[in-house]
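Printed here is target.txt (compact mmCIF, C-alpha atoms):
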```txt
# COMPACT_ATOMS: atom_id res chain seq x y z
CA MET B 1 7.11 30.30 -3.60
CA ASP B 2 6.74 27.89 -0.68
CA SER B 3 9.21 24.96 -0.54
CA SER B 4 6.33 22.49 -0.89
CA TYR B 5 5.53 23.93 -4.33
CA TYR B 6 9.14 23.49 -5.40
CA THR B 7 8.94 19.90 -4.19
CA LEU B 8 5.79 19.28 -6.22
CA LEU B 9 7.40 20.80 -9.32
CA LEU B 10 10.53 18.69 -8.89
CA ILE B 11 8.49 15.50 -8.44
CA PHE B 12 6.44 16.32 -11.54
CA ILE B 13 9.62 16.75 -13.61
CA ILE B 14 11.09 13.48 -12.29
CA LEU B 15 7.88 11.54 -12.95
CA SER B 16 7.59 12.99 -16.44
CA THR B 17 11.19 11.99 -17.18
CA ILE B 18 10.63 8.44 -15.91
CA HIS B 19 7.45 8.16 -17.97
CA LEU B 20 9.31 9.36 -21.07
CA VAL B 21 12.13 6.84 -20.53
CA TYR B 22 9.56 4.08 -20.08
CA TYR B 23 7.85 5.11 -23.32
CA VAL B 24 11.15 5.14 -25.24
CA LEU B 25 12.16 1.73 -23.87
CA GLY B 26 8.82 0.33 -24.96
CA LYS B 27 9.54 1.48 -28.50
CA VAL B 28 13.20 0.38 -28.57
CA LYS B 29 12.68 -3.03 -26.91
CA PRO B 30 9.01 -3.88 -27.38
CA LEU B 31 9.47 -7.59 -26.57
CA MET B 32 10.44 -7.03 -22.93
CA ASP B 33 7.76 -7.29 -20.24
CA TYR B 34 7.29 -3.83 -18.74
CA SER B 35 3.88 -4.50 -17.18
CA ALA B 36 5.07 -4.27 -13.56
CA ILE B 37 6.87 -0.98 -14.26
CA SER B 38 3.78 0.40 -16.00
CA ILE B 39 1.69 -0.40 -12.92
CA ARG B 40 4.17 1.35 -10.64
CA ILE B 41 4.33 4.46 -12.83
CA LYS B 42 0.54 4.74 -12.74
CA THR B 43 0.70 4.37 -8.96
CA TRP B 44 3.28 7.17 -8.75
CA TRP B 45 1.03 9.50 -10.74
CA GLY B 46 -1.93 8.59 -8.56
CA MET B 47 -0.05 9.21 -5.32
CA PHE B 48 1.40 12.43 -6.74
CA PHE B 49 -2.16 13.59 -7.40
CA ILE B 50 -3.16 12.76 -3.82
CA PHE B 51 -0.05 14.53 -2.54
CA CYS B 52 -1.02 17.63 -4.56
CA LEU B 53 -4.50 17.57 -3.06
CA ALA B 54 -3.07 17.38 0.44
CA THR B 55 -0.48 20.10 -0.15
CA LEU B 56 -2.42 22.58 -2.25
CA PHE B 57 -5.84 22.15 -0.70
CA ASN B 58 -6.61 20.29 2.52
CA PRO B 59 -5.58 16.99 4.16
CA VAL B 60 -9.27 16.04 4.27
CA VAL B 61 -9.29 15.83 0.45
CA SER B 62 -6.32 13.49 0.62
CA LEU B 63 -8.06 11.45 3.31
CA LEU B 64 -11.14 11.00 1.13
CA SER B 65 -8.97 10.02 -1.85
CA LEU B 66 -7.18 7.38 0.19
CA MET B 67 -10.51 6.12 1.53
CA VAL B 68 -11.68 5.57 -2.05
CA LEU B 69 -8.41 3.78 -2.81
CA THR B 70 -8.93 1.37 0.10
CA PHE B 71 -12.49 0.72 -1.04
CA PHE B 72 -11.42 -0.34 -4.54
CA ALA B 73 -8.52 -2.39 -3.18
CA LEU B 74 -10.86 -4.24 -0.82
CA LYS B 75 -13.44 -4.69 -3.58
CA GLU B 76 -10.87 -6.32 -5.86
CA TYR B 77 -9.69 -8.51 -3.00
CA PHE B 78 -13.26 -9.75 -2.52
CA THR B 79 -13.51 -10.62 -6.23
CA MET B 80 -10.77 -13.22 -5.65
CA ILE B 81 -12.64 -14.99 -2.86
CA ARG B 82 -14.86 -17.96 -3.69
CA SER B 83 -17.86 -16.56 -1.90
CA ARG B 84 -21.38 -17.80 -1.25
CA LYS B 85 -24.60 -15.85 -1.27
CA ALA B 86 -24.47 -15.93 2.53
CA ASP B 87 -21.20 -13.94 2.44
CA ARG B 88 -22.74 -10.80 0.94
CA ARG B 89 -23.89 -9.51 4.29
CA ILE B 90 -20.41 -9.80 5.84
CA PHE B 91 -18.89 -8.08 2.80
CA LEU B 92 -21.34 -5.21 3.24
CA TRP B 93 -20.33 -4.74 6.88
CA ALA B 94 -16.69 -4.85 5.84
CA TYR B 95 -17.28 -2.00 3.38
CA LEU B 96 -19.14 0.00 6.03
CA SER B 97 -16.14 -0.24 8.35
CA ILE B 98 -14.04 1.81 5.88
CA PRO B 99 -15.65 5.24 6.51
CA VAL B 100 -15.69 4.50 10.25
CA GLN B 101 -11.95 3.77 10.23
CA PHE B 102 -11.24 7.00 8.36
CA TYR B 103 -13.53 8.94 10.67
CA TRP B 104 -11.23 8.02 13.59
CA ILE B 105 -8.38 9.50 11.55
CA TYR B 106 -10.35 12.66 10.85
CA ILE B 107 -11.05 13.31 14.54
CA GLU B 108 -7.49 12.20 15.41
CA TRP B 109 -8.61 9.51 17.85
CA TYR B 110 -5.47 7.40 17.65
CA GLY B 111 -6.57 4.88 20.29
CA MET B 112 -9.71 3.89 18.40
CA PHE B 113 -7.97 4.06 15.02
CA ILE B 114 -5.41 1.51 16.12
CA ILE B 115 -7.82 -1.03 17.67
CA PHE B 116 -11.03 -0.63 15.66
CA ILE B 117 -10.31 -3.17 12.91
CA PRO B 118 -7.89 -5.51 14.73
CA ILE B 119 -10.16 -5.85 17.79
CA TYR B 120 -13.72 -4.54 17.45
CA VAL B 121 -14.29 -5.49 13.82
CA PHE B 122 -12.60 -8.83 14.46
CA LEU B 123 -14.98 -9.55 17.37
CA PHE B 124 -18.22 -8.39 15.77
CA LEU B 125 -17.67 -9.19 12.06
CA PRO B 126 -18.75 -12.86 12.44
CA LEU B 127 -22.22 -11.89 13.73
CA PRO B 128 -23.77 -10.95 10.35
CA ARG B 129 -22.47 -14.24 8.94
CA ILE B 130 -23.79 -16.30 11.85
CA ILE B 131 -27.35 -14.96 11.96
CA ASN B 132 -29.61 -17.26 9.90
CA LYS B 133 -26.73 -18.27 7.61
CA GLY B 134 -25.62 -21.57 9.10
CA THR B 135 -22.08 -22.83 9.62
CA VAL B 136 -21.01 -23.98 6.14
CA GLY B 137 -17.93 -22.03 5.03
CA PHE B 138 -18.03 -19.87 8.14
CA LEU B 139 -14.31 -19.92 8.99
CA ARG B 140 -13.12 -19.29 5.44
CA SER B 141 -15.61 -16.47 4.97
CA VAL B 142 -14.84 -14.61 8.20
CA SER B 143 -11.07 -15.12 8.19
CA SER B 144 -10.62 -14.11 4.55
CA THR B 145 -12.73 -10.99 5.10
CA GLN B 146 -10.69 -10.01 8.16
CA TRP B 147 -7.48 -10.57 6.20
CA GLY B 148 -8.71 -8.18 3.52
CA LEU B 149 -9.65 -5.54 6.08
CA MET B 150 -6.29 -5.75 7.81
CA LEU B 151 -4.30 -5.45 4.57
CA MET B 152 -6.37 -3.15 2.40
CA VAL B 153 -8.04 -0.93 5.00
CA PHE B 154 -6.07 -0.99 8.25
CA GLY B 155 -2.64 -1.07 6.60
CA LEU B 156 -3.34 1.56 3.94
CA SER B 157 -5.24 3.86 6.32
CA HIS B 158 -1.91 4.66 7.98
CA LEU B 159 -1.05 6.69 4.88
CA ALA B 160 -3.91 9.04 5.72
CA TYR B 161 -3.04 9.30 9.40
CA PHE B 162 0.46 10.69 8.72
CA GLN B 163 -0.95 14.09 7.78
CA PHE B 164 -3.18 14.29 10.85
CA ALA B 165 -0.58 12.97 13.28
CA THR B 166 1.94 15.58 12.11
CA PRO B 167 0.42 18.32 9.88
CA GLN B 168 3.81 19.98 9.44
CA TYR B 169 5.68 16.93 8.13
CA GLY B 170 2.89 14.53 7.16
CA ALA B 171 2.75 15.23 3.43
CA GLY B 172 6.53 14.93 3.10
CA LEU B 173 6.58 11.67 5.06
CA VAL B 174 3.85 10.19 2.87
CA LEU B 175 5.76 11.15 -0.25
CA PHE B 176 8.98 9.77 1.23
CA LEU B 177 7.24 6.49 2.01
CA VAL B 178 5.50 6.11 -1.35
CA VAL B 179 8.55 7.03 -3.45
CA LEU B 180 10.81 4.56 -1.64
CA THR B 181 8.21 1.80 -1.65
CA GLN B 182 7.62 2.08 -5.36
CA LEU B 183 11.33 2.48 -6.10
CA ASN B 184 11.98 -0.68 -4.12
CA ASP B 185 9.37 -2.58 -6.16
CA VAL B 186 10.66 -1.38 -9.52
CA VAL B 187 14.32 -2.08 -8.74
CA HIS B 188 13.41 -5.51 -7.40
CA HIS B 189 11.49 -6.27 -10.60
CA LEU B 190 14.20 -5.03 -12.98
CA ALA B 191 17.06 -6.66 -11.05
CA SER B 192 15.16 -9.94 -10.97
CA ILE B 193 14.73 -9.83 -14.76
CA ILE B 194 18.37 -8.95 -15.44
CA LEU B 195 20.24 -10.71 -12.63
CA GLY B 196 17.72 -12.99 -10.99
CA LYS B 197 18.56 -16.68 -10.80
CA HIS B 198 17.20 -17.82 -7.44
CA LYS B 199 13.44 -17.37 -7.24
CA VAL B 200 11.81 -17.04 -3.84
CA VAL B 201 8.32 -18.36 -4.65
CA PRO B 202 8.29 -19.30 -8.35
CA THR B 203 4.76 -20.73 -8.17
CA ALA B 204 3.30 -17.45 -6.85
CA ASN B 205 5.47 -14.69 -8.30
CA PRO B 206 8.25 -15.39 -10.84
CA TYR B 207 9.60 -11.84 -10.45
CA LEU B 208 10.62 -12.18 -6.79
CA THR B 209 14.24 -13.32 -6.57
CA TRP B 210 16.93 -13.08 -3.90
CA GLU B 211 19.17 -11.12 -6.27
CA GLY B 212 16.37 -8.63 -6.84
CA PHE B 213 15.79 -8.29 -3.13
CA LEU B 214 19.47 -7.58 -2.46
CA CYS B 215 19.71 -4.95 -5.21
CA ALA B 216 16.47 -3.29 -4.11
CA PHE B 217 17.58 -3.30 -0.47
CA ILE B 218 20.86 -1.53 -1.29
CA ILE B 219 19.38 1.04 -3.71
CA THR B 220 16.34 1.82 -1.54
CA THR B 221 18.52 2.31 1.53
CA ALA B 222 20.88 4.60 -0.39
CA ALA B 223 17.94 6.56 -1.84
CA SER B 224 16.42 6.93 1.61
CA TYR B 225 19.64 8.38 2.99
CA SER B 226 19.84 10.77 0.02
CA ILE B 227 16.32 12.23 0.13
CA TYR B 228 15.35 12.11 3.83
CA PRO B 229 16.73 15.66 4.57
CA TYR B 230 14.42 17.17 1.92
CA LEU B 231 11.17 15.39 2.82
CA THR B 232 11.41 14.45 6.49
CA PRO B 233 12.68 15.72 9.87
CA LEU B 234 14.38 12.38 10.56
CA THR B 235 17.91 11.97 11.90
CA PRO B 236 20.74 10.69 9.65
CA THR B 237 20.71 7.32 11.39
CA PHE B 238 17.00 6.91 10.92
CA GLY B 239 17.24 8.21 7.37
CA LEU B 240 19.33 5.10 6.72
CA VAL B 241 17.30 2.70 8.86
CA SER B 242 13.98 3.79 7.37
CA GLY B 243 15.18 2.76 3.90
CA MET B 244 16.04 -0.69 5.25
CA LEU B 245 12.65 -1.00 6.93
CA ILE B 246 10.77 0.08 3.82
CA SER B 247 12.71 -2.30 1.59
CA LEU B 248 12.25 -5.29 3.89
CA SER B 249 8.59 -4.67 4.72
CA GLY B 250 7.77 -3.86 1.08
CA TYR B 251 9.33 -7.14 0.01
CA LEU B 252 7.29 -9.02 2.63
CA GLY B 253 4.13 -7.25 1.46
CA SER B 254 4.68 -8.21 -2.19
CA LEU B 255 5.55 -11.76 -1.20
CA THR B 256 2.53 -12.19 1.08
CA VAL B 257 -0.02 -10.76 -1.34
CA SER B 258 1.47 -12.77 -4.24
CA VAL B 259 1.06 -16.03 -2.32
CA LEU B 260 -2.38 -14.95 -1.12
CA ARG B 261 -3.58 -14.19 -4.65
CA ARG B 262 -2.23 -17.47 -5.99
CA ASP B 263 -3.93 -19.43 -3.21
CA LEU B 264 -7.28 -17.73 -3.74
CA LEU B 265 -7.15 -17.90 -7.54
CA ILE B 266 -6.02 -21.49 -8.10
CA GLY B 267 -7.96 -22.66 -11.15
CA ALA B 268 -9.01 -19.13 -12.13
CA ASP B 269 -6.23 -17.99 -14.46
CA ASP B 270 -8.46 -15.45 -16.22
CA LYS B 271 -9.04 -13.58 -12.97
CA PHE B 272 -5.35 -13.83 -12.06
CA GLU B 273 -4.29 -12.15 -15.31
CA ALA B 274 -6.88 -9.40 -14.87
CA LEU B 275 -5.77 -8.66 -11.32
CA LYS B 276 -2.16 -8.11 -12.35
CA LYS B 277 -3.19 -4.58 -13.35
CA SER B 278 -5.52 -4.02 -10.43
CA TYR B 279 -5.37 -1.68 -7.45
CA LEU B 280 -4.34 -4.67 -5.37
CA SER B 281 -1.15 -5.12 -7.38
CA ARG B 282 -0.28 -1.46 -6.88
CA VAL B 283 -0.72 -1.26 -3.12
CA ASP B 284 0.49 -4.66 -1.91
CA SER B 285 3.82 -3.27 -0.68
CA LEU B 286 2.24 -0.11 0.79
CA ALA B 287 -0.09 -2.23 2.92
CA TYR B 288 3.05 -3.35 4.79
CA THR B 289 5.38 -0.35 4.58
CA SER B 290 2.79 2.21 5.74
CA PRO B 291 2.08 0.78 9.21
CA VAL B 292 5.69 -0.27 9.79
CA LEU B 293 7.17 3.18 9.12
CA PHE B 294 4.30 4.96 10.87
CA HIS B 295 4.66 3.09 14.16
CA VAL B 296 8.45 3.14 14.20
CA ILE B 297 8.49 6.92 13.68
CA ARG B 298 5.74 7.42 16.25
CA TYR B 299 7.70 5.40 18.80
CA TYR B 300 11.06 7.17 18.34
CA PHE B 301 10.05 10.76 17.49
CA ASP B 302 8.02 13.33 19.39
CA PHE B 303 6.59 15.18 16.39
CA MET B 304 4.02 12.41 15.80
```

Could you take the file, read its structure, and then write that structure out as structure tokens?
Amino acid sequence: MDSSYYTLLLIFIILSTIHLVYYVLGKVKPLMDYSAISIRIKTWWGMFFIFCLATLFNPVVSLLSLMVLTFFALKEYFTMIRSRKADRRIFLWAYLSIPVQFYWIYIEWYGMFIIFIPIYVFLFLPLPRIINKGTVGFLRSVSSTQWGLMLMVFGLSHLAYFQFATPQYGAGLVLFLVVLTQLNDVVHHLASIILGKHKVVPTANPYLTWEGFLCAFIITTAASYSIYPYLTPLTPTFGLVSGMLISLSGYLGSLTVSVLRRDLLIGADDKFEALKKSYLSRVDSLAYTSPVLFHVIRYYFDFM
């Protein structure tokens, strides 16, 4: 049996064990808030499914799955924005940019992939909003839409490009990235509940504490150094550094999206509660860790 199949089997066993422990904890201590952990476990299963598609079938299937993920993440982001009727056209063009972005990945045109949303979409996105729609709310509409595209489409699309940039190691690198990102989030959440005393942004996210960040940073870095030989072709030094980068960038992603959601949803507590279990809550860290790890590896290693 190929080593990739052993890896899939091992991951399935680990995920099943974690899910069982989570279930038992919910029965033993039902009063504790496990919502954040539940979200992360569902994310792990979802990414495991995508990883299976990429490994057992074809990277194109994984690419399409990730494209759907970015669509729903962007859609939920737009539900937070106080939009006008005039904004519908710009939202439509934002959605249409998703398949174009993933097409650049499919044909492996790295140059266009890396500048399409930050430059071309940025320059031309205002046009549908300008034509016959006036100037009221123009800046908020265009800037918030571009923010969503950068986070939910451009950032997450790097997950798909790993497997096209390096077919031999791409699936392992994606798994490495997702496992460490989600581990970092869960440890940060648990450590903040148990040890957390100094909150970073209590008005936006009560679970983000400095104690949680420190614990997550140490554990994620150690986990990275432990698993990098099995999933990646990285060097020992970079096996350590990559854990630090993932922990730090994942923390910044959670922090940024938490503040962003709170700013957009002031006065809309019902929406805020609903979005806690959304796609957006599951991929906030990945929107930061994916491009950071991708570009650092591409810069220092020849296999990408």

Extract, using only C-alpha atoms, all DNA, RNA and protein residues at most 9 Å from Val292 of chain B, discarding same-chain residues fewer than 6 positions from it, and format them as an NGL selection string.
:B and (155 or 245-246 or 249)

When distances are computed from all atoms listed in the file, which of B:Tyr110, B:Phe294, B:Tyr95, B:Trp210 shows the smallest separation from Thr70 of chain B?
B:Tyr95

Point out the residue among B:Phe164, B:Phe138, B:Phe301, B:Phe91 with the least atom-to-atom distance to Asn58 of chain B, counting all atoms listed in the file.
B:Phe164

Show which residues sit within 9 Å of Val142 of chain B, as a ChimeraX atom specification. Count only C-alpha atoms, and ignore same-chain residues fewer than 5 positions away.
/B:87,90,122,125-126,129,137,147

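With only C-alpha atoms as the atoms that count, the residue of B:Leu293, B:Leu248, B:Leu69, B:Leu127 with the shortest distance to Trp93 of chain B is B:Leu127.
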
Rounded to one decimal place, report the atom CA of Leu63 of chain B-atom CA of Ala165 of chain B distance in Å.
12.6 Å

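Our summary of the geometry notes that atom CA of Asp263 of chain B is positioned 11.0 Å from atom CA of Arg82 of chain B.
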
Near Gly253 of chain B, within 9 Å and counting all atoms listed in the file, which residues show up once chain neighbours fewer than 3 positions away are dropped, as number ranges by chain?
B: 248-250, 256-258, 283-289

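Here atom CA of Gly212 of chain B is placed at a distance of 6.2 Å from atom CA of Gly196 of chain B.
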
For Leu123 of chain B, which residue among B:Ser224, B:Gln146, B:Arg140, B:Asp302 is the nearest when counting only C-alpha atoms?
B:Gln146

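Closest to Lys42 of chain B among B:Tyr77, B:Phe176, B:Tyr22, B:Tyr161 is B:Tyr22, based on only C-alpha atoms.
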
Please check which residues have atoms at most 10 Å from (18.9, 8.3, 7.6) in the file's coordinates, counting all atoms listed in the file, and write them as a PDB file with C-alpha atoms, in the coordinates of the input.
```
ATOM      1  CA  THR B 221      18.520   2.310   1.530  1.00  0.00           C
ATOM      2  CA  ALA B 222      20.880   4.600  -0.390  1.00  0.00           C
ATOM      3  CA  ALA B 223      17.940   6.560  -1.840  1.00  0.00           C
ATOM      4  CA  SER B 224      16.420   6.930   1.610  1.00  0.00           C
ATOM      5  CA  TYR B 225      19.640   8.380   2.990  1.00  0.00           C
ATOM      6  CA  SER B 226      19.840  10.770   0.020  1.00  0.00           C
ATOM      7  CA  ILE B 227      16.320  12.230   0.130  1.00  0.00           C
ATOM      8  CA  TYR B 228      15.350  12.110   3.830  1.00  0.00           C
ATOM      9  CA  PRO B 229      16.730  15.660   4.570  1.00  0.00           C
ATOM     10  CA  THR B 232      11.410  14.450   6.490  1.00  0.00           C
ATOM     11  CA  PRO B 233      12.680  15.720   9.870  1.00  0.00           C
ATOM     12  CA  LEU B 234      14.380  12.380  10.560  1.00  0.00           C
ATOM     13  CA  THR B 235      17.910  11.970  11.900  1.00  0.00           C
ATOM     14  CA  PRO B 236      20.740  10.690   9.650  1.00  0.00           C
ATOM     15  CA  THR B 237      20.710   7.320  11.390  1.00  0.00           C
ATOM     16  CA  PHE B 238      17.000   6.910  10.920  1.00  0.00           C
ATOM     17  CA  GLY B 239      17.240   8.210   7.370  1.00  0.00           C
ATOM     18  CA  LEU B 240      19.330   5.100   6.720  1.00  0.00           C
ATOM     19  CA  VAL B 241      17.300   2.700   8.860  1.00  0.00           C
ATOM     20  CA  SER B 242      13.980   3.790   7.370  1.00  0.00           C
ATOM     21  CA  GLY B 243      15.180   2.760   3.900  1.00  0.00           C
ATOM     22  CA  MET B 244      16.040  -0.690   5.250  1.00  0.00           C
TER      23      MET B 244
END
```
